[in-house]
Number of protein chains: 2
Amino acid sequence: MADSANTPIDFYFDFSSPYGYLMAEKIDALAARYGRSVTWHPVLLGIIFQATGSRPPVVGASSKASYMFHDFARSARHMGIPYNMPSRFPLPTQNAARAFYWLAGQDIALAKQFALAVYRAFFVADRDISAPETVLEIAAEFGVDRDKLGAALQSPEIKARLKDEVDAALQAGVFGSPHLIIDGEAFFGADRLPQIEHWLESGGF
Amino acid sequence: MADSANTPIDFYFDFSSPYGYLMAEKIDALAARYGRSVTWHPVLLGIIFQATGSRPPVVGASSKASYMFHDFARSARHMGIPYNMPSRFPLPTQNAARAFYWLAGQDIALAKQFALAVYRAFFVADRDISAPETVLEIAAEFGVDRDKLGAALQSPEIKARLKDEVDAALQAGVFGSPHLIIDGEAFFGADRLPQIEHWLESGGF
């Protein structure tokens, strides 16, 4: 337990993932109750679905698709989290993810606050988080220099960093969002929170 | 609440569905705590997947498939339910489903006991529940006449009954297993048990 208590929980998510948003609102506080920290890894589900042959939840049967949209909102209510289905969904999220990694290189706590703000901008305020302008506006609310971040979003270093992160996620077996790895054990989906708590509580079951 | 308390919960499942098994072990006791009864509807997922374009959980990415097999067993441990991954999976389940409907026509409580026994035969004892012989053996343990049931499995009436049940499930929007409908509200997956309890407790949220 002493060893694993020092190992951060890995949390993989896409900024366009409703269940990723729900997990993001809960995982740090849950982990902290068991003395654990969380490393956040925004990834690009489009690439991950292509590489793994996995699929997004809202595909196929219309009865399933309409259920999923209903379940996004109901799961949020169940968890006490504000939620409004975005009018444009899903969206490309590379700008938000690149901004996260650039901010994380300077201040990891700020990067997480930014990430939560991006999620809330999308899933509460219905803002177009695919646009660089929106990403810069959200970051500016935290005092981030817009020009510096704007330049970073176009830099080869940050583009390569995101590509490396997605590759590393695939190597780690990530096939969807949210996907967590706790001491080598994978948990997929916001609905696995009770199992995650059970796992942290008991050191595995 | 008085009206809905008299409406049974509809529980759709396939006898080859691991999460259907986990739900079957829990739903009647949970419903009873809130004064509700449950109507069980075994269905054939093969037909439902074809009709809806939906997919079974274990398809696609090998990383996802191996996660799913791991999650079946872990979810069972989390819920305190015995589980051994069957050596043949998935299996055709029309014989078990036909036997259920024939028994349900005579004694609904017996039919549910039989259904749970079929699930345990498959997901604990690794028996081949696709074989008519296994289905007859399991029913015989409850004192059911093997010859009568054996004849019923081949009767046009029971075949038509199962077909009608699958059609009705599709009409009701069922796209997977387990799928529950409570006062018009759909819940998909054993992992929705906490939301189902929340729903029964509060009369909707």
# chains A, B, ... in the order shown; residues from 1 in each chain; ligands from 1

call {"tool": "interface_residues", "arguments": {"of": "chain B", "to": "chain A", "cutoff": "8 Å", "atoms": "only C-alpha atoms", "output": "list of chain:residue names"}}
result
B:Thr52, B:Gly53, B:Ser54, B:Gly60, B:Ala61, B:Ser62, B:Ser63, B:Lys64, B:Tyr67, B:Arg74, B:Ser75, B:Arg77, B:His78, B:Gly173, B:Val174, B:Phe175, B:Ala186, B:Asp191, B:Arg192, B:Gln195, B:His198, B:Phe205

call {"tool": "write_last_selection", "arguments": {"atoms": "N, CA and C atoms", "output": "tab-separated table (two decimals), in the first residue's frame"}}
result
chain	number	residue	atom	x	y	z
B	52	THR	N	-31.16	-3.60	-34.51
B	52	THR	CA	-30.88	-2.23	-34.06
B	52	THR	C	-29.54	-1.71	-34.54
B	53	GLY	N	-28.68	-2.59	-35.07
B	53	GLY	CA	-27.34	-2.14	-35.45
B	53	GLY	C	-26.43	-1.98	-34.25
B	54	SER	N	-26.92	-2.33	-33.07
B	54	SER	CA	-26.12	-2.28	-31.86
B	54	SER	C	-25.12	-3.45	-31.86
B	60	GLY	N	-14.47	-5.71	-31.59
B	60	GLY	CA	-13.61	-4.57	-31.88
B	60	GLY	C	-12.26	-4.72	-31.22
B	61	ALA	N	-11.80	-3.60	-30.67
B	61	ALA	CA	-10.44	-3.51	-30.14
B	61	ALA	C	-10.11	-4.67	-29.22
B	62	SER	N	-8.96	-5.24	-29.40
B	62	SER	CA	-8.56	-6.30	-28.49
B	62	SER	C	-8.35	-5.74	-27.09
B	63	SER	N	-7.89	-4.48	-26.98
B	63	SER	CA	-7.72	-3.90	-25.64
B	63	SER	C	-9.09	-3.78	-24.97
B	64	LYS	N	-10.12	-3.42	-25.73
B	64	LYS	CA	-11.46	-3.31	-25.14
B	64	LYS	C	-12.02	-4.69	-24.82
B	67	TYR	N	-10.47	-5.98	-21.73
B	67	TYR	CA	-11.01	-5.21	-20.59
B	67	TYR	C	-12.39	-5.73	-20.21
B	74	ARG	N	-14.76	-8.67	-12.46
B	74	ARG	CA	-14.58	-7.67	-11.39
B	74	ARG	C	-15.92	-7.10	-10.95
B	75	SER	N	-16.82	-6.86	-11.91
B	75	SER	CA	-18.14	-6.34	-11.55
B	75	SER	C	-18.88	-7.35	-10.66
B	77	ARG	N	-17.43	-9.50	-8.59
B	77	ARG	CA	-16.81	-9.42	-7.25
B	77	ARG	C	-17.31	-8.18	-6.53
B	78	HIS	N	-17.36	-7.06	-7.25
B	78	HIS	CA	-17.83	-5.80	-6.66
B	78	HIS	C	-19.24	-5.97	-6.09
B	173	GLY	N	-37.94	-0.49	-27.49
B	173	GLY	CA	-36.67	0.25	-27.54
B	173	GLY	C	-35.49	-0.51	-26.98
B	174	VAL	N	-35.66	-1.78	-26.68
B	174	VAL	CA	-34.56	-2.56	-26.10
B	174	VAL	C	-33.46	-2.76	-27.14
B	175	PHE	N	-32.20	-2.47	-26.76
B	175	PHE	CA	-31.08	-2.62	-27.69
B	175	PHE	C	-29.95	-3.46	-27.10
B	186	ALA	N	-35.92	4.09	-19.29
B	186	ALA	CA	-35.05	2.97	-19.64
B	186	ALA	C	-33.72	3.06	-18.91
B	191	ASP	N	-24.49	-1.77	-14.40
B	191	ASP	CA	-23.89	-0.63	-13.70
B	191	ASP	C	-24.89	0.51	-13.49
B	192	ARG	N	-26.13	0.36	-13.99
B	192	ARG	CA	-27.15	1.38	-13.71
B	192	ARG	C	-27.94	1.05	-12.44
B	195	GLN	N	-28.40	4.01	-10.15
B	195	GLN	CA	-29.39	4.96	-10.67
B	195	GLN	C	-30.81	4.40	-10.53
B	198	HIS	N	-31.77	4.93	-6.98
B	198	HIS	CA	-32.04	6.37	-6.83
B	198	HIS	C	-33.43	6.71	-7.38
B	205	PHE	N	-35.71	11.45	-10.88
B	205	PHE	CA	-34.81	12.55	-10.50
B	205	PHE	C	-34.33	13.28	-11.74

call {"tool": "select_by_dssp", "arguments": {"residues": "region 131-160 of chain A", "states": "alpha helix (DSSP H)", "output": "PyMOL selection string"}}
result
chain A and resi 132-140+146-153+156-160

call {"tool": "residues_around", "arguments": {"residues": "Phe142 (chain A)", "least_positions_apart": "4", "cutoff": "10 Å", "atoms": "only C-alpha atoms", "output": "list in words"}}
result
Leu110, Ala111, Gln113, Phe114, Ala117, Glu137 and Ile138 of chain A

call {"tool": "write_last_selection", "arguments": {"atoms": "N, CA and C atoms", "output": "PDB file, in the first residue's frame"}}
result
ATOM      1  N   LEU A 110      -3.077  24.690 -12.262  1.00  0.00           N
ATOM      2  CA  LEU A 110      -3.743  25.611 -13.188  1.00  0.00           C
ATOM      3  C   LEU A 110      -4.274  24.848 -14.401  1.00  0.00           C
ATOM      4  N   ALA A 111      -3.486  23.918 -14.914  1.00  0.00           N
ATOM      5  CA  ALA A 111      -3.908  23.146 -16.091  1.00  0.00           C
ATOM      6  C   ALA A 111      -5.191  22.368 -15.792  1.00  0.00           C
ATOM      7  N   GLN A 113      -7.482  23.183 -13.485  1.00  0.00           N
ATOM      8  CA  GLN A 113      -8.584  24.150 -13.372  1.00  0.00           C
ATOM      9  C   GLN A 113      -9.061  24.567 -14.755  1.00  0.00           C
ATOM     10  N   PHE A 114      -8.085  24.786 -15.651  1.00  0.00           N
ATOM     11  CA  PHE A 114      -8.409  25.115 -17.037  1.00  0.00           C
ATOM     12  C   PHE A 114      -9.225  23.986 -17.679  1.00  0.00           C
ATOM     13  N   ALA A 117     -12.685  24.012 -16.541  1.00  0.00           N
ATOM     14  CA  ALA A 117     -13.383  25.174 -17.121  1.00  0.00           C
ATOM     15  C   ALA A 117     -13.763  24.899 -18.579  1.00  0.00           C
ATOM     16  N   GLU A 137      -9.883  32.356 -24.576  1.00  0.00           N
ATOM     17  CA  GLU A 137     -10.737  33.106 -23.643  1.00  0.00           C
ATOM     18  C   GLU A 137     -10.816  32.414 -22.285  1.00  0.00           C
ATOM     19  N   ILE A 138     -10.992  31.103 -22.316  1.00  0.00           N
ATOM     20  CA  ILE A 138     -11.094  30.357 -21.055  1.00  0.00           C
ATOM     21  C   ILE A 138      -9.786  30.460 -20.282  1.00  0.00           C
TER      22      ILE A 138
END

call {"tool": "residues_around", "arguments": {"residues": "region 43-46 of chain B", "least_positions_apart": "3", "cutoff": "6 Å", "atoms": "only C-alpha atoms", "output": "list in words"}}
result
Phe13, Asp14, Phe49 and Val166 of chain B

call {"tool": "residues_around", "arguments": {"residues": "Pro18 (chain B)", "least_positions_apart": "6", "cutoff": "9 Å", "atoms": "only C-alpha atoms", "output": "PDB file with N, CA and C atoms, in the first residue's frame"}}
result
ATOM      1  N   PHE B  72     -16.271  -8.121 -16.503  1.00  0.00           N
ATOM      2  CA  PHE B  72     -17.361  -9.044 -16.128  1.00  0.00           C
ATOM      3  C   PHE B  72     -17.082  -9.609 -14.722  1.00  0.00           C
ATOM      4  N   ALA B  73     -15.866 -10.158 -14.566  1.00  0.00           N
ATOM      5  CA  ALA B  73     -15.519 -10.825 -13.306  1.00  0.00           C
ATOM      6  C   ALA B  73     -15.372  -9.821 -12.161  1.00  0.00           C
ATOM      7  N   ALA B  76     -18.721  -8.639 -10.960  1.00  0.00           N
ATOM      8  CA  ALA B  76     -19.338  -9.670 -10.120  1.00  0.00           C
ATOM      9  C   ALA B  76     -18.755  -9.619  -8.702  1.00  0.00           C
ATOM     10  N   TYR B  83     -18.836 -15.835  -9.943  1.00  0.00           N
ATOM     11  CA  TYR B  83     -18.700 -15.721 -11.406  1.00  0.00           C
ATOM     12  C   TYR B  83     -17.481 -16.489 -11.875  1.00  0.00           C
ATOM     13  N   MET B  85     -15.862 -17.205 -15.809  1.00  0.00           N
ATOM     14  CA  MET B  85     -16.074 -16.981 -17.239  1.00  0.00           C
ATOM     15  C   MET B  85     -16.332 -18.328 -17.913  1.00  0.00           C
ATOM     16  N   TYR B 119     -28.821 -19.145 -15.408  1.00  0.00           N
ATOM     17  CA  TYR B 119     -27.712 -18.196 -15.356  1.00  0.00           C
ATOM     18  C   TYR B 119     -26.544 -18.763 -14.535  1.00  0.00           C
ATOM     19  N   PHE B 123     -22.810 -19.194 -15.789  1.00  0.00           N
ATOM     20  CA  PHE B 123     -21.784 -18.259 -15.329  1.00  0.00           C
ATOM     21  C   PHE B 123     -21.095 -18.685 -14.030  1.00  0.00           C
ATOM     22  N   SER B 177     -28.582  -5.987 -23.226  1.00  0.00           N
ATOM     23  CA  SER B 177     -28.943  -6.761 -22.035  1.00  0.00           C
ATOM     24  C   SER B 177     -27.933  -6.474 -20.922  1.00  0.00           C
ATOM     25  N   PRO B 178     -28.384  -6.192 -19.706  1.00  0.00           N
ATOM     26  CA  PRO B 178     -29.773  -6.052 -19.281  1.00  0.00           C
ATOM     27  C   PRO B 178     -30.316  -4.675 -19.641  1.00  0.00           C
TER      28      PRO B 178
END

call {"tool": "residues_around", "arguments": {"residues": "Ala29 (chain A)", "least_positions_apart": "6", "cutoff": "12 Å", "atoms": "only C-alpha atoms", "output": "list in words"}}
result
Met23, Gly35, Arg36, Ser37, Val38, Leu193 and Glu197 of chain A

call {"tool": "write_last_selection", "arguments": {"atoms": "N, CA and C atoms", "output": "compact mmCIF listing (two decimals), in the first residue's frame"}}
result
# COMPACT_ATOMS: atom_id res chain seq x y z
N MET A 23 -16.59 12.35 -14.92
CA MET A 23 -15.45 11.82 -14.16
C MET A 23 -14.54 12.95 -13.69
N GLY A 35 -5.78 9.48 -0.19
CA GLY A 35 -4.38 9.90 -0.23
C GLY A 35 -3.72 9.76 -1.58
N ARG A 36 -4.51 9.74 -2.64
CA ARG A 36 -3.95 9.53 -3.98
C ARG A 36 -4.09 10.79 -4.83
N SER A 37 -3.12 11.00 -5.71
CA SER A 37 -3.20 12.09 -6.68
C SER A 37 -3.59 11.54 -8.05
N VAL A 38 -3.94 12.44 -8.95
CA VAL A 38 -4.42 12.04 -10.28
C VAL A 38 -3.65 12.80 -11.35
N LEU A 193 -17.15 4.63 -11.12
CA LEU A 193 -16.73 5.34 -9.90
C LEU A 193 -16.95 4.51 -8.63
N GLU A 197 -13.92 3.53 -6.12
CA GLU A 197 -13.89 3.80 -4.67
C GLU A 197 -13.66 2.51 -3.89

call {"tool": "closest_residue", "arguments": {"among": "B:Asn84, B:Thr39, B:Ser16, B:Ser155", "to": "Ala96 (chain B)", "atoms": "only C-alpha atoms"}}
result
B:Ser16

call {"tool": "residues_around", "arguments": {"residues": "region 129-131 of chain A", "least_positions_apart": "6", "cutoff": "6 Å", "atoms": "only C-alpha atoms", "output": "PyMOL selection string"}}
result
chain A and resi 91-93

call {"tool": "atom_distance", "arguments": {"atom1": "CA of Leu153 (chain B)", "atom2": "CA of Leu180 (chain B)"}}
result
26.3 Å

call {"tool": "select_by_dssp", "arguments": {"residues": "region 26-103 of chain B", "states": "strand (DSSP E)", "output": "PyMOL selection string"}}
result
chain B and resi 38-42

call {"tool": "closest_residue", "arguments": {"among": "A:Tyr12, A:Tyr101, A:Phe122, A:Tyr34", "to": "Phe89 (chain A)", "atoms": "only C-alpha atoms"}}
result
A:Phe122

call {"tool": "atom_distance", "arguments": {"atom1": "CA of Arg146 (chain B)", "atom2": "CA of Leu162 (chain B)"}}
result
19.6 Å

call {"tool": "atom_distance", "arguments": {"atom1": "CA of Pro86 (chain B)", "atom2": "CA of Arg127 (chain B)"}}
result
7.8 Å
